[in-house]
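Pasted below: structure-v1.txt, compact mmCIF, C-alpha atoms.
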# COMPACT_ATOMS: atom_id res chain seq x y z
CA MET A 1 5.25 -11.05 -23.26
CA THR A 2 2.11 -8.97 -23.59
CA TYR A 3 1.05 -6.45 -21.01
CA ARG A 4 -2.03 -8.54 -20.16
CA ALA A 5 0.13 -11.62 -19.68
CA ALA A 6 2.46 -9.67 -17.41
CA LEU A 7 -0.47 -8.54 -15.26
CA ALA A 8 -1.74 -12.12 -15.09
CA LEU A 9 1.65 -13.30 -13.84
CA ILE A 10 1.75 -10.59 -11.21
CA ALA A 11 -1.75 -11.48 -10.05
CA ALA A 12 -0.80 -15.14 -9.84
CA ALA A 13 2.21 -14.22 -7.71
CA GLY A 14 -0.04 -12.35 -5.32
CA ALA A 15 0.47 -8.77 -6.46
CA GLY A 16 -3.08 -8.40 -7.74
CA ALA A 17 -4.18 -5.96 -10.39
CA ALA A 18 -1.63 -3.24 -10.94
CA GLY A 19 -1.84 0.18 -12.49
CA HIS A 20 0.21 0.81 -15.59
CA ALA A 21 2.56 3.15 -13.77
CA MET A 22 3.74 0.29 -11.60
CA VAL A 23 4.21 -2.47 -14.19
CA GLU A 24 6.81 -2.38 -16.92
CA PRO A 25 6.98 -5.23 -19.43
CA VAL A 26 10.56 -6.15 -20.22
CA ALA A 27 11.29 -7.25 -23.78
CA GLY A 28 11.82 -11.00 -23.77
CA GLY A 29 11.45 -11.26 -20.00
CA PRO A 30 8.99 -11.06 -17.14
CA ALA A 31 7.21 -7.91 -16.10
CA ILE A 32 8.85 -5.78 -13.45
CA VAL A 33 6.60 -4.43 -10.73
CA THR A 34 8.28 -1.24 -9.67
CA GLY A 35 8.96 -1.32 -5.96
CA VAL A 36 8.00 -5.00 -5.57
CA ALA A 37 11.10 -7.08 -6.22
CA ASN A 38 9.56 -10.25 -4.82
CA PRO A 39 5.72 -10.36 -4.96
CA ALA A 40 5.59 -13.77 -3.28
CA ARG A 41 7.64 -12.48 -0.32
CA ALA A 42 5.47 -9.37 -0.10
CA ARG A 43 2.33 -11.53 -0.05
CA GLN A 44 3.82 -13.73 2.65
CA ASN A 45 4.72 -10.65 4.71
CA TRP A 46 1.12 -9.43 4.29
CA ILE A 47 -0.18 -12.74 5.62
CA LEU A 48 2.24 -12.79 8.56
CA LYS A 49 2.29 -9.09 9.51
CA CYS A 50 -0.97 -7.49 8.35
CA GLN A 51 -3.72 -9.96 7.60
CA GLY A 52 -4.42 -10.83 11.23
CA CYS A 53 -5.91 -7.39 11.86
CA HIS A 54 -6.77 -6.11 8.39
CA ARG A 55 -8.20 -9.48 7.21
CA ALA A 56 -7.27 -11.38 4.06
CA ASP A 57 -9.25 -9.01 1.83
CA ALA A 58 -8.07 -5.83 3.62
CA SER A 59 -11.63 -5.06 4.73
CA GLY A 60 -10.48 -4.39 8.30
CA SER A 61 -12.71 -4.38 11.32
CA PRO A 62 -14.97 -1.35 11.74
CA ARG A 63 -14.36 -0.97 15.47
CA THR A 64 -10.60 -1.58 15.65
CA THR A 65 -8.78 -1.74 12.32
CA PRO A 66 -9.32 0.56 9.32
CA ALA A 67 -10.20 -0.99 5.98
CA MET A 68 -7.61 -0.64 3.24
CA ALA A 69 -9.36 -2.24 0.26
CA GLY A 70 -10.43 0.42 -2.21
CA ILE A 71 -9.13 3.15 0.12
CA ILE A 72 -5.39 2.98 0.75
CA GLY A 73 -4.32 4.42 -2.61
CA ARG A 74 -6.25 7.61 -1.95
CA PHE A 75 -3.83 8.53 0.85
CA LEU A 76 -1.16 9.05 -1.80
CA ALA A 77 -2.96 12.20 -2.97
CA THR A 78 -1.21 14.25 -0.26
CA PRO A 79 2.35 14.21 1.11
CA GLU A 80 0.92 13.84 4.63
CA GLY A 81 -1.10 10.82 3.50
CA ARG A 82 1.96 9.18 1.98
CA THR A 83 3.89 9.75 5.20
CA TYR A 84 0.99 8.48 7.31
CA LEU A 85 0.99 5.11 5.55
CA VAL A 86 4.53 4.48 6.82
CA GLN A 87 4.08 5.99 10.28
CA VAL A 88 0.94 4.15 11.43
CA PRO A 89 1.92 1.96 14.38
CA GLY A 90 1.54 -1.44 12.72
CA VAL A 91 3.68 -0.40 9.77
CA ALA A 92 6.34 1.68 11.51
CA THR A 93 6.99 -0.99 14.14
CA ALA A 94 6.71 -4.04 11.87
CA ALA A 95 9.52 -6.52 12.42
CA LEU A 96 10.77 -6.24 8.84
CA PRO A 97 13.85 -4.68 7.29
CA ASP A 98 13.18 -1.33 5.57
CA GLU A 99 13.55 -2.89 2.11
CA GLU A 100 10.91 -5.55 2.76
CA LEU A 101 8.59 -3.04 4.41
CA ALA A 102 8.82 -0.74 1.39
CA GLU A 103 8.10 -3.72 -0.85
CA LEU A 104 5.11 -4.69 1.33
CA LEU A 105 3.68 -1.16 1.20
CA ASN A 106 4.01 -1.03 -2.58
CA TRP A 107 2.48 -4.51 -2.94
CA THR A 108 -0.40 -3.61 -0.61
CA LEU A 109 -1.21 -0.51 -2.65
CA LEU A 110 -1.28 -2.55 -5.86
CA ARG A 111 -3.13 -5.51 -4.41
CA PHE A 112 -5.87 -3.70 -2.57
CA ASP A 113 -6.32 -0.34 -4.30
CA ALA A 114 -4.53 -0.16 -7.65
CA ALA A 115 -7.42 1.92 -9.04
CA HIS A 116 -6.55 4.85 -6.76
CA VAL A 117 -2.76 4.73 -7.04
CA PRO A 118 -1.82 7.89 -8.96
CA GLY A 119 -0.29 7.38 -12.38
CA ASP A 120 2.80 9.32 -11.30
CA PHE A 121 3.25 7.34 -8.07
CA THR A 122 6.83 6.91 -6.97
CA PRO A 123 7.14 3.60 -5.10
CA TYR A 124 8.33 3.67 -1.51
CA THR A 125 12.03 2.97 -1.11
CA ALA A 126 13.94 1.41 1.76
CA SER A 127 15.59 4.73 2.59
CA GLU A 128 12.27 6.62 2.67
CA VAL A 129 10.65 3.95 4.84
CA GLY A 130 13.67 3.88 7.17
CA ARG A 131 13.53 7.63 7.64
CA LEU A 132 9.76 7.84 8.19
CA ARG A 133 9.36 4.87 10.51
CA ARG A 134 11.75 6.46 13.02
CA THR A 135 8.89 8.78 14.03
CA PRO A 136 5.89 6.47 14.33
CA LEU A 137 2.43 7.69 15.16
CA ARG A 138 1.14 6.31 18.43
CA THR A 139 -2.01 7.55 20.12
CA GLU A 140 -2.42 10.32 17.53
CA ALA A 141 -2.79 7.97 14.52
CA ALA A 142 -6.60 8.15 14.44
CA GLN A 143 -6.60 11.96 14.60
CA VAL A 144 -4.02 12.19 11.82
CA ARG A 145 -6.07 9.80 9.68
CA THR A 146 -9.22 11.87 10.26
CA ARG A 147 -7.38 15.08 9.32
CA ILE A 148 -6.03 13.54 6.10
CA ILE A 149 -9.42 12.20 5.12
CA ALA A 150 -11.00 15.60 5.75
CA ALA A 151 -8.34 17.21 3.53
CA LEU A 152 -9.29 14.72 0.81
CA GLY A 153 -12.92 15.81 1.07
CA GLY A 154 -14.17 13.13 3.43
CA ASP A 155 -16.36 13.44 6.48
CA ARG A 156 -15.80 12.07 10.00
CA GLY A 157 -12.98 9.80 8.97
CA THR A 158 -14.71 8.38 5.90
CA LEU A 159 -13.27 8.89 2.45
CA PRO A 160 -15.59 10.25 -0.21
CA SER A 161 -16.60 7.83 -2.94
CA THR A 162 -14.75 8.30 -6.21
CA ASP A 163 -16.21 5.28 -7.97
Rewrite the structure from the file as structure tokens, please.
Amino acid sequence: MTYRAALALIAAAGAGAAGHAMVEPVAGGPAIVTGVANPARARQNWILKCQGCHRADASGSPRTTPAMAGIIGRFLATPEGRTYLVQVPGVATAALPDEELAELLNWTLLRFDAAHVPGDFTPYTASEVGRLRRTPLRTEAAQVRTRIIAALGGDRGTLPSTD
């Protein structure tokens, strides 16, 4: 199977475009999306657990829910940003087992912001998610987000354009 064919299969399964660091073609078999064992399950979890607030295209709602499309991968540039993605209230308290939540986070990064996922990205694991979600952000989530964005060179909670 060619690399392009593997990406097409992943897109068809709902994983979207993926960066090369996340997709490994397997000789004679399907592509493996590192950290996303079941793309169809991850997509379904997105629909059931995230899409209601973040919208189908991850554009969010300016007044209540941050956009993720074209943005979420940038948080991986700092350790605090990586931690933040697990500790935001909707993620940390999601009614999913740690393994499925890690899969959903990895899928979301690939689906909505593969262009900004670092080439050396290590996918979230169930153990990492389990550890981080024990200390969820509550009322301080917006302030933490603003601080991370400022550290990335943004202004007033808006990430700088890198396109």
Quiz item: What is the atom CA of Ala141 of chain A-atom CA of Arg82 of chain A distance in Å, reported with one decimal?
Solution: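 Here the two named atoms are 13.5 Å from each other.
Atom CA of Asp113 of chain A sits 13.9 Å away from atom CA of Ala56 of chain A.
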Practice problem: Check the smallest atom-to-atom distance from each of A:Pro62, A:Leu104, A:Leu132, A:Arg74 to Leu48 of chain A using all atoms listed in the file, then report the winner. | Solution: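 Comparing A:Pro62, A:Leu104, A:Leu132, A:Arg74 against Leu48 of chain A, the winner is A:Leu104.
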Quiz item: For Val144 of chain A, which of A:Val88, A:Ala69, A:Ala115, A:Cys50 is the closest residue, counting all atoms listed in the file?
Solution: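 Checking each candidate against Val144 of chain A, we get A:Val88 as the closest.
Between atom CA of Leu137 of chain A and atom CA of Gln87 of chain A lies a distance of 5.4 Å.
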Quiz item: From the set A:Thr83, A:Ala58, A:Thr65, A:Leu105, which residue has the shortest atom-to-atom contact distance to Thr135 of chain A, counting only C-alpha atoms?
Solution: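 The closest residue to Thr135 of chain A is A:Thr83.
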Self-check item: Given only C-alpha atoms as the counted atoms, nearest of A:Ala37, A:Ala114, A:Ala126, A:Val86 to Asp98 of chain A
Solution: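 Residue with the minimum atom-to-atom distance to Asp98 of chain A: A:Ala126.
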If you take every atom of segment 79-88 of chain A that the file lists and fit an axis-aligned box around them with 8 Å extra on each side, what centre and edge lengths come out in Å to one decimal, as JSON?
{"center_x": 1.7, "center_y": 9.2, "center_z": 6.3, "size_x": 21.6, "size_y": 26.1, "size_z": 26.3}
Quiz item: Do you know which residues are at most 12 Å from Thr122 of chain A counting all atoms listed in the file, after dropping those on the same chain fewer than 4 positions away, and could you put them as a list in words?
Solution: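 The contact residues come out as Ala21, Met22, Val33, Thr34, Gly35, Leu76, Ala77, Pro79, Arg82, Ala102, Leu105, Asn106, Leu109, Val117, Pro118 and Glu128 of chain A.
Summary of the local environment: counting all atoms listed in the file, residues at most 10 Å from His54 of chain A, other than itself and those fewer than 2 positions away along its chain, are A:Trp46, A:Ile47, A:Lys49, A:Cys50, A:Gln51, A:Gly52, A:Ala56, A:Asp57, A:Ala58, A:Ser59, A:Gly60, A:Ser61, A:Thr64, A:Thr65, A:Pro66, A:Ala67, A:Met68, A:Ala69.
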Practice problem: List the residues sitting within 12 Å of (4.6, 3.5, 12.9) in the file's frame, using all atoms listed in the file, as a list of chain:residue names. | Solution: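 Protein, DNA and RNA residues close to (4.6, 3.5, 12.9): A:Thr83, A:Tyr84, A:Leu85, A:Val86, A:Gln87, A:Val88, A:Pro89, A:Gly90, A:Val91, A:Ala92, A:Thr93, A:Ala94, A:Ala95, A:Leu101, A:Val129, A:Gly130, A:Arg131, A:Leu132, A:Arg133, A:Arg134, A:Thr135, A:Pro136, A:Leu137, A:Arg138, A:Thr139, A:Glu140, A:Ala141.
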Exercise. Find the residue from A:Ala142, A:Ala151, A:Ile71, A:Cys53 that sits nearest to His116 of chain A; use all atoms listed in the file when measuring.
Key: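 Ranking A:Ala142, A:Ala151, A:Ile71, A:Cys53 by distance to His116 of chain A, first place goes to A:Ile71.
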